[in-house]
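**Q** After the structure tokens below, expect a handful of questions from me.
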Amino acid sequence: MKKKIFWTWQKILTAILAFFGCGMLTACYGAPPRDFDDDNSDRYGNSSDYESEKKSFLFLGEVVSSEDSDGDGKKDALEGIIVKLQNSSKTIAETKTDNNGFYQMRISIDSESFGDFTISFSDADGEENGGKMKSASAKISIYGDKISAENTDSIEISLSGSAICTETELTRDIQ
């Protein structure tokens, strides 16, 4: 009787292992690849065509005045400053700073548009910030994964992966 139970369990265990063994073979080796002769994709479906590559970038930062009007030791945040990202022919993205002086833009650039860009900061509302502020701009170069930026006296740019962070300090435009 004991041998018969042992033999039955052995059969059941063998059937279960055989079932999972077949499942694991399929999971390990995957389905057979399709024919890729008609396109520029590799066997995983990834395009090898460089022209169709798109990169996503996050531009974010803070814009402050060079002044501390309330004497708290912090420079005044500037609301309503227009932030533009442009290439040589057009504006790629545009936004305004919020009431804390912060802005954020997410853009996608295809490989045909890689190149030199200008990020600019200009005062749209003038008197609402206590008077017109001087405009400022800086050059940013994007070529695939290679990003470089030129800091200026009023704009400090830091790069972190696909995030481009700016700290901008604008001065009063005295006329």
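Simple scheme: letters A, B, ... for chains in structure tokens order, numbers from 1 for residues in each chain, numbers from 1 for ligands in the order shown.
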Contacts of stretch 144-160 of chain A at 10 Å or less, counting only C-alpha atoms, minus same-chain residues fewer than 3 places along, as an MDAnalysis selection string?

**A** chainID A and resid 53:55 58:59 61 63:64 66 109:111 113:121 135:141 163:171

**Q** Now that the selection is made, can you save its residues with C-alpha atoms as a compact mmCIF listing (two decimals), in the first residue's frame?

**A**
```txt
# COMPACT_ATOMS: atom_id res chain seq x y z
CA GLU A 53 15.11 58.77 -33.01
CA LYS A 54 13.33 61.11 -30.56
CA LYS A 55 14.67 62.35 -27.24
CA LEU A 58 12.72 68.41 -19.22
CA PHE A 59 13.57 72.07 -18.83
CA GLY A 61 14.15 76.28 -13.24
CA VAL A 63 13.74 83.02 -12.09
CA VAL A 64 14.51 85.59 -9.39
CA SER A 66 18.73 90.46 -8.23
CA ILE A 109 13.23 66.60 -30.20
CA ASP A 110 13.79 64.29 -33.14
CA SER A 111 17.27 63.67 -34.45
CA SER A 113 16.20 68.87 -34.99
CA PHE A 114 19.31 68.25 -32.86
CA GLY A 115 21.56 71.27 -32.74
CA ASP A 116 21.97 74.61 -31.01
CA PHE A 117 19.13 76.18 -29.07
CA THR A 118 18.67 79.42 -27.19
CA ILE A 119 16.78 79.61 -23.92
CA SER A 120 15.61 83.15 -23.22
CA PHE A 121 13.94 84.91 -20.31
CA SER A 135 16.10 90.04 -20.74
CA ALA A 136 18.66 87.24 -20.62
CA SER A 137 19.50 84.26 -22.84
CA ALA A 138 21.92 81.35 -23.01
CA LYS A 139 22.97 78.80 -25.62
CA ILE A 140 22.27 75.07 -25.18
CA SER A 141 23.53 72.42 -27.64
CA ALA A 163 16.87 67.36 -17.31
CA ILE A 164 18.19 70.83 -18.01
CA CYS A 165 17.95 73.02 -14.92
CA THR A 166 18.40 76.79 -14.90
CA GLU A 167 18.82 79.36 -12.15
CA THR A 168 18.22 82.80 -13.60
CA GLU A 169 18.75 86.15 -11.93
CA LEU A 170 17.36 89.18 -13.75
CA THR A 171 18.22 92.79 -13.00
```

**Q** Quick one: distance from atom CA of A:Arg106 to atom CA of A:Lys90 in Å, one decimal?

**A**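 Taking atom CA of A:Arg106 as the start and atom CA of A:Lys90 as the end point, the length is 16.6 Å.
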
**Q** Nearest to A:Glu79: which of A:Leu60, A:Glu112, A:Arg172, A:Thr97 is it, counting only C-alpha atoms?

**A**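 The answer is A:Thr97, which sits nearest to A:Glu79.
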
**Q** What does the structure give for the distance between atom CA of A:Glu62 and atom CA of A:Ile81, in Å to one decimal?

**A** 10.1 Å

**Q** Tell me, in Å to one decimal, how far atom CA of A:Ala77 is from atom CA of A:Asn100.

**A**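 Between these atoms lies a distance of 5.5 Å.
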
**Q** For A:Asp123, which residue out of A:Ser108, A:Asn87, A:Ser65, A:Ser162 is the nearest one, using only C-alpha atoms?

**A**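 Looking only at the distances to A:Asp123, the closest residue turns out to be A:Ser65.
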